[in-house]
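Pasted below: input-v5.tsv, TSV, C-alpha atoms.
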chain	number	residue	atom	x	y	z
P	705	MET	CA	0.00	0.00	0.00
P	706	SER	CA	1.24	3.47	-0.85
P	707	ARG	CA	3.34	4.92	1.96
P	708	ILE	CA	2.32	8.45	0.95
P	709	PRO	CA	-1.36	9.46	0.87
P	710	LEU	CA	-2.84	9.93	-2.61
P	711	VAL	CA	-4.11	13.46	-3.21
P	712	ASP	CA	-7.79	13.93	-4.04
P	713	VAL	CA	-8.13	14.38	-7.82
P	714	GLU	CA	-11.06	16.78	-7.55
P	715	GLN	CA	-9.13	19.05	-5.17
P	716	GLN	CA	-6.32	19.61	-7.70
P	717	PRO	CA	-5.98	22.87	-9.61
P	718	GLU	CA	-6.19	22.76	-13.41
P	719	PRO	CA	-4.30	21.54	-15.40
P	720	VAL	CA	-3.25	18.96	-12.79
P	721	ARG	CA	-6.82	17.66	-12.36
P	722	GLU	CA	-7.30	17.29	-16.09
P	723	LEU	CA	-3.98	15.45	-16.44
P	724	MET	CA	-5.13	12.97	-13.80
P	725	VAL	CA	-8.53	12.47	-15.39
P	726	ARG	CA	-6.87	11.70	-18.76
P	727	SER	CA	-4.19	9.35	-17.44
P	728	ARG	CA	-4.33	5.61	-16.98
P	729	ALA	CA	-1.48	5.77	-14.46
P	730	VAL	CA	-3.26	7.95	-11.92
P	731	ASN	CA	-1.72	6.70	-8.67
P	732	VAL	CA	1.81	7.90	-9.54
P	733	LEU	CA	0.40	11.35	-10.30
P	734	ARG	CA	-1.63	11.37	-7.07
P	735	VAL	CA	1.53	10.59	-5.11
P	736	LEU	CA	3.78	13.11	-6.86
P	737	ALA	CA	1.17	15.87	-6.63
P	738	ASN	CA	1.89	15.96	-2.90
P	739	ALA	CA	4.83	18.11	-4.04
P	740	PRO	CA	3.07	20.83	-6.07
P	741	ASP	CA	6.21	22.97	-6.28
P	742	VAL	CA	7.89	20.45	-8.57
P	743	PHE	CA	4.97	18.45	-9.99
P	744	VAL	CA	3.98	20.65	-12.93
P	745	GLY	CA	7.56	20.99	-14.19
P	746	TRP	CA	8.08	17.26	-13.95
P	747	ALA	CA	4.83	16.63	-15.82
P	748	GLN	CA	5.89	18.97	-18.64
P	749	MET	CA	9.16	17.05	-18.96
P	750	VAL	CA	7.40	13.69	-19.21
P	751	GLY	CA	4.86	15.15	-21.65
P	752	GLU	CA	7.64	16.25	-24.01
P	753	LEU	CA	9.23	12.79	-23.89
P	754	PHE	CA	5.90	11.26	-24.95
P	755	GLU	CA	5.09	13.81	-27.63
P	756	SER	CA	8.52	13.70	-29.26
P	757	PRO	CA	8.54	11.94	-32.65
P	758	THR	CA	12.17	10.80	-32.23
P	759	PHE	CA	11.20	7.31	-31.05
P	760	SER	CA	8.17	5.33	-32.22
P	761	PRO	CA	5.82	4.24	-29.42
P	762	ARG	CA	7.16	0.71	-29.92
P	763	THR	CA	10.78	1.79	-29.47
P	764	ARG	CA	9.94	4.02	-26.52
P	765	GLU	CA	8.08	1.23	-24.74
P	766	LEU	CA	10.94	-1.21	-25.40
P	767	VAL	CA	13.36	1.17	-23.68
P	768	ILE	CA	11.02	1.93	-20.77
P	769	LEU	CA	10.26	-1.75	-20.17
P	770	ARG	CA	13.95	-2.64	-20.03
P	771	VAL	CA	14.60	0.14	-17.52
P	772	ALA	CA	11.59	-0.95	-15.45
P	773	ARG	CA	12.85	-4.54	-15.44
P	774	LEU	CA	16.36	-3.58	-14.34
P	775	GLN	CA	15.04	-1.22	-11.65
P	776	ASN	CA	12.55	-3.86	-10.47
P	777	SER	CA	9.69	-1.40	-10.68
P	778	ARG	CA	6.42	-3.23	-10.25
P	779	TYR	CA	4.48	-0.06	-11.03
P	780	GLU	CA	6.32	0.79	-14.26
P	781	LEU	CA	6.08	-2.83	-15.41
P	782	GLY	CA	2.38	-2.98	-14.56
P	783	HIS	CA	1.59	-0.04	-16.81
P	784	HIS	CA	4.15	-0.36	-19.56
P	785	ILE	CA	3.62	-4.04	-20.37
P	786	VAL	CA	0.11	-3.05	-21.44
P	787	MET	CA	1.40	-0.04	-23.36
P	788	ALA	CA	4.08	-2.16	-25.05
P	789	LEU	CA	1.45	-4.63	-26.28
P	790	ASP	CA	-0.60	-1.73	-27.61
P	791	ALA	CA	2.52	-0.40	-29.37
P	792	GLY	CA	3.12	-3.69	-31.20
P	793	LEU	CA	5.68	-5.58	-29.14
P	794	THR	CA	4.82	-9.30	-29.01
P	795	GLU	CA	4.32	-11.31	-25.84
P	796	ASP	CA	7.58	-13.18	-26.57
P	797	GLN	CA	9.49	-9.92	-26.93
P	798	ILE	CA	8.01	-8.54	-23.74
P	799	SER	CA	8.87	-11.75	-21.92
P	800	ALA	CA	12.49	-11.49	-23.13
P	801	ILE	CA	12.72	-7.90	-21.90
P	802	VAL	CA	11.05	-8.25	-18.51
P	803	GLU	CA	11.49	-11.92	-17.51
P	804	THR	CA	14.09	-14.05	-19.26
P	805	ASP	CA	16.65	-11.44	-20.39
P	806	ASP	CA	17.19	-13.73	-23.40
P	807	PHE	CA	17.01	-11.30	-26.32
P	808	ASP	CA	18.17	-13.91	-28.86
P	809	ALA	CA	15.05	-15.94	-28.19
P	810	ALA	CA	12.79	-13.13	-29.40
P	811	ASP	CA	12.64	-11.54	-32.80
P	812	PHE	CA	14.16	-8.07	-32.34
P	813	ASP	CA	15.62	-6.12	-35.23
P	814	ASP	CA	19.26	-4.95	-35.13
P	815	THR	CA	18.45	-1.46	-33.88
P	816	GLU	CA	16.27	-2.83	-31.10
P	817	ARG	CA	19.04	-5.19	-30.05
P	818	VAL	CA	21.51	-2.31	-29.83
P	819	LEU	CA	19.01	-0.31	-27.75
P	820	LEU	CA	18.41	-3.21	-25.37
P	821	ASP	CA	22.13	-3.81	-24.96
P	822	VAL	CA	22.90	-0.11	-24.37
P	823	VAL	CA	20.10	0.33	-21.83
P	824	THR	CA	21.15	-2.85	-20.04
P	825	GLU	CA	24.81	-1.87	-19.80
P	826	LEU	CA	23.90	1.64	-18.65
P	827	CYS	CA	21.46	0.59	-15.94
P	828	VAL	CA	23.67	-2.22	-14.64
P	829	THR	CA	27.07	-0.50	-14.71
P	830	ARG	CA	25.93	3.16	-14.55
P	831	ARG	CA	28.10	4.01	-17.57
P	832	LEU	CA	28.82	2.95	-21.15
P	833	SER	CA	32.02	1.36	-22.39
P	834	GLU	CA	33.82	3.07	-25.27
P	835	ALA	CA	32.76	0.25	-27.61
P	836	ALA	CA	29.10	0.36	-26.58
P	837	PHE	CA	28.95	4.13	-26.91
P	838	ALA	CA	30.70	4.10	-30.31
P	839	LYS	CA	28.31	1.51	-31.69
P	840	ALA	CA	25.21	3.34	-30.50
P	841	HIS	CA	26.56	6.70	-31.65
P	842	SER	CA	27.31	5.43	-35.16
P	843	ILE	CA	23.68	4.33	-35.49
P	844	PHE	CA	21.86	7.14	-33.72
P	845	GLY	CA	24.01	10.31	-33.68
P	846	ASP	CA	24.16	13.11	-31.10
P	847	GLU	CA	20.50	14.11	-30.85
P	848	VAL	CA	18.99	10.65	-30.60
P	849	ILE	CA	21.62	9.42	-28.11
P	850	ALA	CA	20.95	12.43	-25.90
P	851	GLU	CA	17.20	11.90	-26.07
P	852	LEU	CA	17.60	8.20	-25.35
P	853	LEU	CA	19.55	9.10	-22.21
P	854	MET	CA	16.84	11.56	-21.14
P	855	LEU	CA	14.22	8.82	-21.56
P	856	VAL	CA	16.26	6.24	-19.66
P	857	GLY	CA	17.07	8.74	-16.92
P	858	CYS	CA	13.40	9.69	-16.50
P	859	TYR	CA	12.23	6.12	-15.92
P	860	TYR	CA	15.31	5.00	-13.99
P	861	GLY	CA	14.82	7.81	-11.51
P	862	LEU	CA	11.04	7.52	-11.37
P	863	ALA	CA	11.33	3.80	-10.60
P	864	LEU	CA	13.24	4.71	-7.44
P	865	VAL	CA	10.40	6.98	-6.28
P	866	LEU	CA	7.75	4.39	-7.09
P	867	ASN	CA	9.66	1.63	-5.30
P	868	ALA	CA	10.34	3.79	-2.25
P	869	VAL	CA	6.70	4.85	-1.90
P	870	ASP	CA	5.40	1.40	-2.86
P	871	VAL	CA	2.77	2.89	-5.15
P	872	GLU	CA	0.03	0.44	-6.09
P	873	VAL	CA	-0.53	-0.33	-9.75
P	874	ASP	CA	-3.84	1.22	-10.83
P	875	ALA	CA	-6.77	-1.12	-11.39
P	876	ARG	CA	-7.61	-1.41	-15.09
Q	1436	MET	CA	36.28	14.07	-22.99
Q	1437	THR	CA	32.63	14.79	-23.69
Q	1438	ARG	CA	31.52	12.24	-26.26
Q	1439	ILE	CA	29.07	14.40	-28.23
Q	1440	ALA	CA	29.20	18.01	-29.43
Q	1441	TYR	CA	28.05	20.92	-27.28
Q	1442	ARG	CA	24.99	22.81	-28.49
Q	1443	ASP	CA	25.40	26.52	-28.91
Q	1444	PRO	CA	22.80	28.39	-26.81
Q	1445	SER	CA	21.74	30.23	-30.00
Q	1446	ASP	CA	20.40	26.84	-31.22
Q	1447	MET	CA	18.09	26.41	-28.22
Q	1448	THR	CA	14.46	27.49	-27.77
Q	1449	PRO	CA	14.24	30.93	-26.14
Q	1450	GLN	CA	13.02	29.40	-22.87
Q	1451	ALA	CA	15.78	26.77	-22.81
Q	1452	ARG	CA	18.41	29.38	-23.71
Q	1453	GLU	CA	17.25	31.70	-20.93
Q	1454	LEU	CA	17.34	28.88	-18.35
Q	1455	THR	CA	20.73	27.65	-19.60
Q	1456	ASN	CA	22.22	31.13	-19.30
Q	1457	ALA	CA	20.68	31.63	-15.87
Q	1458	ARG	CA	22.25	28.35	-14.75
Q	1459	GLY	CA	25.80	29.24	-15.75
Q	1460	ASN	CA	25.83	27.88	-19.32
Q	1461	LEU	CA	27.30	24.67	-17.92
Q	1462	ASN	CA	28.63	21.77	-19.99
Q	1463	VAL	CA	25.81	19.52	-18.76
Q	1464	TYR	CA	23.21	21.80	-20.34
Q	1465	ARG	CA	25.06	22.38	-23.60
Q	1466	THR	CA	25.48	18.60	-23.93
Q	1467	LEU	CA	21.90	17.57	-23.15
Q	1468	ALA	CA	20.56	20.38	-25.38
Q	1469	ASN	CA	21.30	18.01	-28.26
Q	1470	ALA	CA	18.01	16.38	-27.30
Q	1471	GLU	CA	16.26	19.46	-28.62
Q	1472	LYS	CA	12.73	18.00	-28.61
Q	1473	VAL	CA	12.78	17.29	-24.86
Q	1474	PHE	CA	15.45	19.58	-23.43
Q	1475	THR	CA	13.16	22.52	-22.69
Q	1476	GLY	CA	10.84	20.41	-20.51
Q	1477	TRP	CA	13.80	18.96	-18.67
Q	1478	MET	CA	15.14	22.46	-17.98
Q	1479	VAL	CA	11.72	23.65	-16.78
Q	1480	ALA	CA	11.52	20.68	-14.40
Q	1481	GLY	CA	15.00	21.50	-13.12
Q	1482	ASP	CA	14.12	25.13	-12.60
Q	1483	ALA	CA	11.07	24.13	-10.55
Q	1484	ALA	CA	13.23	21.82	-8.44
Q	1485	LEU	CA	15.98	24.40	-7.88
Q	1486	THR	CA	13.62	27.21	-6.95
Q	1487	SER	CA	11.24	25.16	-4.79
Q	1488	PRO	CA	11.11	26.45	-1.21
Q	1489	THR	CA	10.13	23.08	0.27
Q	1490	LEU	CA	13.50	21.59	1.23
Q	1491	PRO	CA	16.24	23.43	3.10
Q	1492	LEU	CA	19.04	24.04	0.60
Q	1493	ARG	CA	21.51	22.25	2.85
Q	1494	LEU	CA	19.33	19.11	3.03
Q	1495	ARG	CA	18.90	19.10	-0.74
Q	1496	GLU	CA	22.64	19.29	-1.30
Q	1497	LEU	CA	23.24	16.41	1.12
Q	1498	VAL	CA	20.88	14.29	-0.97
Q	1499	VAL	CA	22.51	15.40	-4.24
Q	1500	LEU	CA	26.01	14.60	-3.00
Q	1501	ARG	CA	25.04	11.20	-1.63
Q	1502	THR	CA	23.25	10.38	-4.90
Q	1503	ALA	CA	26.22	11.53	-6.99
Q	1504	TYR	CA	28.57	9.41	-4.88
Q	1505	LEU	CA	26.43	6.26	-5.11
Q	1506	MET	CA	25.92	6.77	-8.85
Q	1507	ASP	CA	29.67	7.26	-9.25
Q	1508	CYS	CA	29.10	10.49	-11.17
Q	1509	ALA	CA	32.27	12.61	-11.35
Q	1510	TYR	CA	30.47	15.54	-12.99
Q	1511	GLU	CA	27.77	15.86	-10.33
Q	1512	LEU	CA	30.38	15.46	-7.60
Q	1513	GLY	CA	32.57	18.14	-9.17
Q	1514	GLN	CA	29.72	20.65	-9.34
Q	1515	HIS	CA	28.02	19.89	-6.06
Q	1516	ARG	CA	31.07	19.71	-3.81
Q	1517	ASP	CA	31.23	23.47	-4.38
Q	1518	VAL	CA	27.47	24.09	-4.36
Q	1519	ALA	CA	27.19	22.20	-1.05
Q	1520	ARG	CA	29.84	24.43	0.54
Q	1521	THR	CA	27.76	27.45	-0.46
Q	1522	ALA	CA	24.76	25.75	1.14
Q	1523	GLY	CA	26.53	25.42	4.49
Q	1524	VAL	CA	27.89	21.87	4.29
Q	1525	SER	CA	31.40	21.70	5.78
Q	1526	ALA	CA	34.39	20.11	4.05
Q	1527	ASP	CA	34.47	17.35	6.68
Q	1528	GLU	CA	30.79	16.65	6.17
Q	1529	ILE	CA	31.30	16.44	2.41
Q	1530	ASP	CA	34.18	13.99	2.84
Q	1531	ALA	CA	32.00	11.84	5.09
Q	1532	ILE	CA	29.09	11.79	2.65
Q	1533	LEU	CA	31.46	10.82	-0.15
Q	1534	SER	CA	32.54	7.67	1.67
Q	1535	GLU	CA	30.82	4.39	2.23
Q	1536	SER	CA	29.81	4.89	5.86
Q	1537	ASP	CA	31.77	7.71	7.58
Q	1538	TRP	CA	28.65	9.90	7.42
Q	1539	ARG	CA	26.98	7.69	10.03
Q	1540	GLU	CA	29.52	8.88	12.61
Q	1541	MET	CA	29.16	12.59	11.87
Q	1542	PRO	CA	27.01	14.87	14.04
Q	1543	PHE	CA	24.33	15.42	11.40
Q	1544	GLU	CA	20.85	16.30	12.62
Q	1545	ALA	CA	18.47	13.34	13.06
Q	1546	THR	CA	16.44	14.36	10.01
Q	1547	GLU	CA	19.57	14.68	7.87
Q	1548	LEU	CA	20.77	11.25	8.98
Q	1549	ALA	CA	17.40	9.69	8.22
Q	1550	VAL	CA	17.36	11.25	4.74
Q	1551	LEU	CA	20.93	10.08	4.06
Q	1552	GLN	CA	19.95	6.58	5.18
Q	1553	LEU	CA	16.92	6.61	2.85
Q	1554	THR	CA	19.06	7.80	-0.07
Q	1555	THR	CA	21.66	5.12	0.60
Q	1556	GLU	CA	19.16	2.27	0.89
Q	1557	LEU	CA	17.29	3.33	-2.22
Q	1558	LEU	CA	20.35	3.61	-4.45
Q	1559	THR	CA	22.03	0.45	-3.22
Q	1560	THR	CA	18.98	-1.85	-2.99
Q	1561	GLN	CA	16.36	-0.17	-5.25
Q	1562	ASN	CA	14.11	-0.01	-2.21
Q	1563	VAL	CA	13.64	1.51	1.25
Q	1564	SER	CA	12.72	-0.34	4.45
Q	1565	ALA	CA	9.43	0.61	6.09
Q	1566	GLU	CA	11.29	1.81	9.17
Q	1567	THR	CA	13.58	4.15	7.24
Q	1568	PHE	CA	10.73	5.49	5.14
Q	1569	ASP	CA	8.58	6.16	8.20
Q	1570	ARG	CA	11.39	7.97	9.99
Q	1571	VAL	CA	11.77	10.43	7.12
Q	1572	HIS	CA	8.03	10.74	6.54
Q	1573	ARG	CA	7.33	11.48	10.20
Q	1574	ALA	CA	10.15	14.02	10.36
Q	1575	VAL	CA	9.37	16.07	7.24
Q	1576	GLY	CA	5.84	15.13	6.06
Q	1577	SER	CA	4.48	13.99	2.70
Q	1578	GLN	CA	5.35	17.03	0.60
Q	1579	ALA	CA	9.02	17.16	1.60
Q	1580	THR	CA	9.38	13.37	1.46
Q	1581	VAL	CA	8.18	13.39	-2.14
Q	1582	GLU	CA	10.57	16.24	-2.94
Q	1583	VAL	CA	13.50	14.36	-1.41
Q	1584	LEU	CA	12.60	11.40	-3.62
Q	1585	MET	CA	12.29	13.68	-6.65
Q	1586	VAL	CA	15.81	15.02	-6.01
Q	1587	ILE	CA	17.13	11.45	-5.95
Q	1588	ASN	CA	15.07	10.73	-9.07
Q	1589	ARG	CA	16.51	13.65	-11.00
Q	1590	TYR	CA	20.15	13.30	-10.02
Q	1591	ALA	CA	20.23	9.49	-10.39
Q	1592	GLY	CA	18.76	9.72	-13.87
Q	1593	LEU	CA	21.03	12.60	-14.82
Q	1594	ALA	CA	24.08	10.71	-13.52
Q	1595	LEU	CA	23.46	7.99	-16.10
Q	1596	ALA	CA	23.47	10.54	-18.92
Q	1597	LEU	CA	26.55	12.36	-17.62
Q	1598	ASN	CA	28.46	9.11	-17.17
Q	1599	ALA	CA	27.36	7.72	-20.54
Q	1600	LEU	CA	28.44	10.89	-22.32
Q	1601	ASP	CA	31.54	11.36	-20.14
Q	1602	VAL	CA	30.75	15.08	-19.81
Q	1603	ASP	CA	33.79	17.14	-18.78
Q	1604	LEU	CA	33.51	19.10	-15.56
Q	1605	ASP	CA	33.45	22.86	-16.24
Q	1606	GLU	CA	36.80	24.42	-15.43
Q	1607	THR	CA	35.49	27.09	-13.09
Q	1608	ALA	CA	31.79	27.65	-13.79
Q	1609	ARG	CA	29.49	26.33	-11.07
Q	1610	LEU	CA	25.72	26.12	-10.81
Q	1611	PRO	CA	24.41	29.42	-9.45
Q	1612	ILE	CA	21.68	28.80	-6.89
Q	1613	PRO	CA	18.60	30.72	-8.09
Q	1614	PRO	CA	16.39	32.56	-5.59
Q	1615	ARG	CA	13.60	30.44	-4.19
Q	1616	ARG	CA	9.96	30.99	-4.94
Q	1617	ASP	CA	7.57	31.87	-2.13
Q	1618	VAL	CA	6.19	29.05	-0.06
Q	1619	THR	CA	3.03	27.56	-1.60
Q	1620	SER	CA	0.03	28.61	0.41
So that I can check it, write out the structure of this file as C-alpha cells.
Amino acid sequence: MSRIPLVDVEQQPEPVRELMVRSRAVNVLRVLANAPDVFVGWAQMVGELFESPTFSPRTRELVILRVARLQNSRYELGHHIVMALDAGLTEDQISAIVETDDFDAADFDDTERVLLDVVTELCVTRRLSEAAFAKAHSIFGDEVIAELLMLVGCYYGLALVLNAVDVEVDAR
Amino acid sequence: MTRIAYRDPSDMTPQARELTNARGNLNVYRTLANAEKVFTGWMVAGDAALTSPTLPLRLRELVVLRTAYLMDCAYELGQHRDVARTAGVSADEIDAILSESDWREMPFEATELAVLQLTTELLTTQNVSAETFDRVHRAVGSQATVEVLMVINRYAGLALALNALDVDLDETARLPIPPRRDVTS
C-alpha cells in the first residue's frame, strides 16, 4: 500500500486535475502531486518525452520496459507491459525484456538489439564502455543518443520513487 | 572528454536558452541540449526543483552529494562539492558523505541522517525499508518526502546521462543557486 497518501483528484488545480482524469497511471500522479512545487515541471518534462517523434511508441516502450525490469519497478512494469502490447511488441518480446533477459530468443531487429544492450549496460554499470557508446553513436548520432539518455534517466529515476513509496498499480 | 558536441545556446528554444544562461551555461546543459525536442521540458523541471522552497538548501545538497557518490558520477560530484559548501555543508561533512559509511559517525541532525539513510538504501537496494521510510516521513511530512525522492530521481537519472556521455567538468563555472519561490500557500 502506498506509503504516501494519494491526493484527491477533484481538489487539484487545473491543469493537474485534467492530467489525472486523462491518465491511466493515476496513482503515480496522485503521489507526486503531494509536491506541487515540482509536480507541474516534472509533468511537462514527461509530456515532451511522450510527444517527441524521435522514437516510435514501440521503441519508446521497449526502452522503458527494459529500464523498469532492471530497476525492479512493479508499477512501471504494470503499466508499460500493457502499453508495449498496444505499441506492437509481441508477448515473446516482452517476456524477453522483462522476464528471461534472453534477447536472442525473441525476434528483435538490429536497432532494437543495440538499444536493449545499451540500456542494459547503462542501468547495470551506470556508464557505457567506449565500444558500446561508439556503436550506438554510429547508429543514432548526437540528438537521438541524448534523447535516449533523457528517456532512460526519467524512468530510472522515477522507478526509485515508485519503489520507495510502494505505489500500487492502478486497477484497469 | 565529452563524447558528443556541445549545443550553442543560440540553437536552443528561447526558454531553454534563458534557463541555460541563468544556470551558468554549464557543460551539462550544452550537452543535453542536443536532445532538442525534450530539453526545454527537462530544464523547466530542473528550474522548478531548484527554486522550490520546500527543502532546506543544505538538506537538498546532502541528498545530491550522496546520490552523486552512489551513482559514481564525477560531474555531479565536481559541481556539487562546491554548491554544497555554499549551502553550508562543511568540508568534513562532504568527505563523510562521499565515503561508504563515515557519514553515520558525523554529528548530522536526526532528520539529515534519516534522509541520508533513505538515499543510501534506495540507491544500493532499489528499495527503502518501512522503518527508514517512516522515519523520514514522520520528520518532514508527505510534501518534503516526495521532494527528497524527486531530487534522488533527477540526479540518479542525470548521472546515467553524464556518465554515458563522459561530460567534462566545467573548469570554473558552477551552478548558481537561483532565488527560491515563495512558499506555496
Do you have, as CSV, the list of residues of chain Q lying at most 7 Å from chain P, each with its nearest atom pair and that distance in Å to one decimal, counting only C-alpha atoms and ordered by chain then number?
residue,atom,partner,partner_atom,distance
Q:Ile1439,CA,P:Asp846,CA,5.8
Q:Leu1467,CA,P:Ala850,CA,5.9
Q:Asn1469,CA,P:Glu847,CA,4.7
Q:Ala1470,CA,P:Glu851,CA,4.7
Q:Lys1472,CA,P:Ser756,CA,6.1
Q:Val1473,CA,P:Glu752,CA,5.3
Q:Gly1476,CA,P:Met749,CA,4.1
Q:Trp1477,CA,P:Met749,CA,5.0
Q:Val1479,CA,P:Gly745,CA,5.6
Q:Ala1480,CA,P:Gly745,CA,4.0
Q:Ala1483,CA,P:Val742,CA,5.3
Q:Ala1484,CA,P:Val742,CA,5.5
Q:Ser1487,CA,P:Asp741,CA,5.7
Q:Met1506,CA,P:Arg830,CA,6.7
Q:Leu1557,CA,P:Leu864,CA,6.7
Q:Gln1561,CA,P:Leu864,CA,6.2
Q:Asn1562,CA,P:Ala868,CA,5.4
Q:Val1563,CA,P:Ala868,CA,5.3
Q:Ser1577,CA,P:Ile708,CA,6.2
Q:Gln1578,CA,P:Ala739,CA,4.8
Q:Val1581,CA,P:Ala739,CA,6.1
Q:Glu1582,CA,P:Ala739,CA,6.1
Q:Leu1584,CA,P:Val865,CA,5.6
Q:Met1585,CA,P:Val865,CA,7.0
Q:Asn1588,CA,P:Gly861,CA,3.8
Q:Arg1589,CA,P:Gly861,CA,6.1
Q:Ala1591,CA,P:Gly861,CA,5.8
Q:Gly1592,CA,P:Gly857,CA,3.6
Q:Leu1593,CA,P:Gly857,CA,5.9
Q:Leu1595,CA,P:Arg830,CA,5.6
Q:Ala1596,CA,P:Leu853,CA,5.3
Q:Asn1598,CA,P:Arg831,CA,5.1
Q:Ala1599,CA,P:Arg831,CA,4.8
For CA of Gln1450 in chain Q and CA of Ile1612 in chain Q, the interatomic separation in Å (one decimal)
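That distance, rounded to one decimal, is 18.2 Å.
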In Å, how far is it from CA of Glu780 in chain P to CA of Val873 in chain P?
8.3 Å
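Across the structure, CA of Asp874 in chain P and CA of Val786 in chain P are spaced 12.1 Å apart.
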Each range 1517-1554 of chain Q residue no farther than 10 Å from range 1490-1494 of chain Q, nearest pair in Å, all atoms listed in the file, as a Markdown table:
| residue | atom | partner | partner_atom | distance |
| --- | --- | --- | --- | --- |
| Q:Val1518 | CA | Q:Arg1493 | CA | 9.5 |
| Q:Ala1519 | CA | Q:Arg1493 | CA | 6.9 |
| Q:Arg1520 | CA | Q:Arg1493 | CA | 8.9 |
| Q:Thr1521 | CA | Q:Arg1493 | CA | 8.8 |
| Q:Ala1522 | CA | Q:Arg1493 | CA | 5.1 |
| Q:Gly1523 | CA | Q:Arg1493 | CA | 6.2 |
| Q:Val1524 | CA | Q:Arg1493 | CA | 6.6 |
| Q:Thr1546 | CA | Q:Leu1494 | CA | 8.9 |
| Q:Glu1547 | CA | Q:Leu1494 | CA | 6.6 |
| Q:Leu1548 | CA | Q:Leu1494 | CA | 10.0 |
| Q:Val1550 | CA | Q:Leu1494 | CA | 8.3 |
| Q:Leu1551 | CA | Q:Leu1494 | CA | 9.2 |
Store the residues of this selection in a file with C-alpha atoms, as an mmCIF file, in the frame of the given file.
data_model
loop_
_atom_site.group_PDB
_atom_site.id
_atom_site.type_symbol
_atom_site.label_atom_id
_atom_site.label_comp_id
_atom_site.auth_asym_id
_atom_site.auth_seq_id
_atom_site.Cartn_x
_atom_site.Cartn_y
_atom_site.Cartn_z
ATOM 1 C CA VAL Q 1518 27.470 24.090 -4.360
ATOM 2 C CA ALA Q 1519 27.190 22.200 -1.050
ATOM 3 C CA ARG Q 1520 29.840 24.430 0.540
ATOM 4 C CA THR Q 1521 27.760 27.450 -0.460
ATOM 5 C CA ALA Q 1522 24.760 25.750 1.140
ATOM 6 C CA GLY Q 1523 26.530 25.420 4.490
ATOM 7 C CA VAL Q 1524 27.890 21.870 4.290
ATOM 8 C CA THR Q 1546 16.440 14.360 10.010
ATOM 9 C CA GLU Q 1547 19.570 14.680 7.870
ATOM 10 C CA LEU Q 1548 20.770 11.250 8.980
ATOM 11 C CA VAL Q 1550 17.360 11.250 4.740
ATOM 12 C CA LEU Q 1551 20.930 10.080 4.060
#
Just want the 8 Å neighbourhood of Tyr1441 in chain Q, counted on only C-alpha atoms, with same-chain residues fewer than 5 positions away dropped. Output as a CSV table (one decimal) with C-alpha atoms, in the frame of the given file.
chain,number,residue,atom,x,y,z
Q,1462,ASN,CA,28.6,21.8,-20.0
Q,1465,ARG,CA,25.1,22.4,-23.6
Q,1466,THR,CA,25.5,18.6,-23.9
Q,1468,ALA,CA,20.6,20.4,-25.4
Q,1469,ASN,CA,21.3,18.0,-28.3
Residue contacts of Ile1532 in chain Q (10 Å, all atoms listed in the file) excluding same-chain residues fewer than 3 positions away, as a compact mmCIF listing (two decimals) with C-alpha atoms, in the coordinates of the input:
# COMPACT_ATOMS: atom_id res chain seq x y z
CA LEU Q 1497 23.24 16.41 1.12
CA VAL Q 1498 20.88 14.29 -0.97
CA LEU Q 1500 26.01 14.60 -3.00
CA ARG Q 1501 25.04 11.20 -1.63
CA THR Q 1502 23.25 10.38 -4.90
CA TYR Q 1504 28.57 9.41 -4.88
CA LEU Q 1505 26.43 6.26 -5.11
CA ALA Q 1526 34.39 20.11 4.05
CA ASP Q 1527 34.47 17.35 6.68
CA GLU Q 1528 30.79 16.65 6.17
CA ILE Q 1529 31.30 16.44 2.41
CA GLU Q 1535 30.82 4.39 2.23
CA SER Q 1536 29.81 4.89 5.86
CA ASP Q 1537 31.77 7.71 7.58
CA TRP Q 1538 28.65 9.90 7.42
CA ARG Q 1539 26.98 7.69 10.03
CA MET Q 1541 29.16 12.59 11.87
CA LEU Q 1551 20.93 10.08 4.06
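Within the 9 Å cut-off around Ile801 in chain P, using all atoms listed in the file and omitting residues fewer than 2 positions from it on the same chain, the listed residues are Leu766, Leu769, Arg770, Arg773, Asp796, Gln797, Ile798, Ser799, Glu803, Thr804, Asp805, Asp806, Phe807 and Leu820 of chain P.
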Could you give me the axis-aligned bounding box of range 1484-1503 of chain Q, with 3 Å of padding per side, as centre plus edge lengths in Å to one decimal, as JSON?
{"center_x": 18.2, "center_y": 18.8, "center_z": -2.7, "size_x": 22.1, "size_y": 22.8, "size_z": 17.5}
Give me range 1499-1523 of chain Q from this structure - C-alpha atoms, as a short mmCIF file (atom, residue, chain, number, x, y, z; two decimals), in the first residue's frame.
data_model
loop_
_atom_site.label_atom_id
_atom_site.label_comp_id
_atom_site.auth_asym_id
_atom_site.auth_seq_id
_atom_site.Cartn_x
_atom_site.Cartn_y
_atom_site.Cartn_z
CA VAL Q 1499 22.51 15.40 -4.24
CA LEU Q 1500 26.01 14.60 -3.00
CA ARG Q 1501 25.04 11.20 -1.63
CA THR Q 1502 23.25 10.38 -4.90
CA ALA Q 1503 26.22 11.53 -6.99
CA TYR Q 1504 28.57 9.41 -4.88
CA LEU Q 1505 26.43 6.26 -5.11
CA MET Q 1506 25.92 6.77 -8.85
CA ASP Q 1507 29.67 7.26 -9.25
CA CYS Q 1508 29.10 10.49 -11.17
CA ALA Q 1509 32.27 12.61 -11.35
CA TYR Q 1510 30.47 15.54 -12.99
CA GLU Q 1511 27.77 15.86 -10.33
CA LEU Q 1512 30.38 15.46 -7.60
CA GLY Q 1513 32.57 18.14 -9.17
CA GLN Q 1514 29.72 20.65 -9.34
CA HIS Q 1515 28.02 19.89 -6.06
CA ARG Q 1516 31.07 19.71 -3.81
CA ASP Q 1517 31.23 23.47 -4.38
CA VAL Q 1518 27.47 24.09 -4.36
CA ALA Q 1519 27.19 22.20 -1.05
CA ARG Q 1520 29.84 24.43 0.54
CA THR Q 1521 27.76 27.45 -0.46
CA ALA Q 1522 24.76 25.75 1.14
CA GLY Q 1523 26.53 25.42 4.49
#
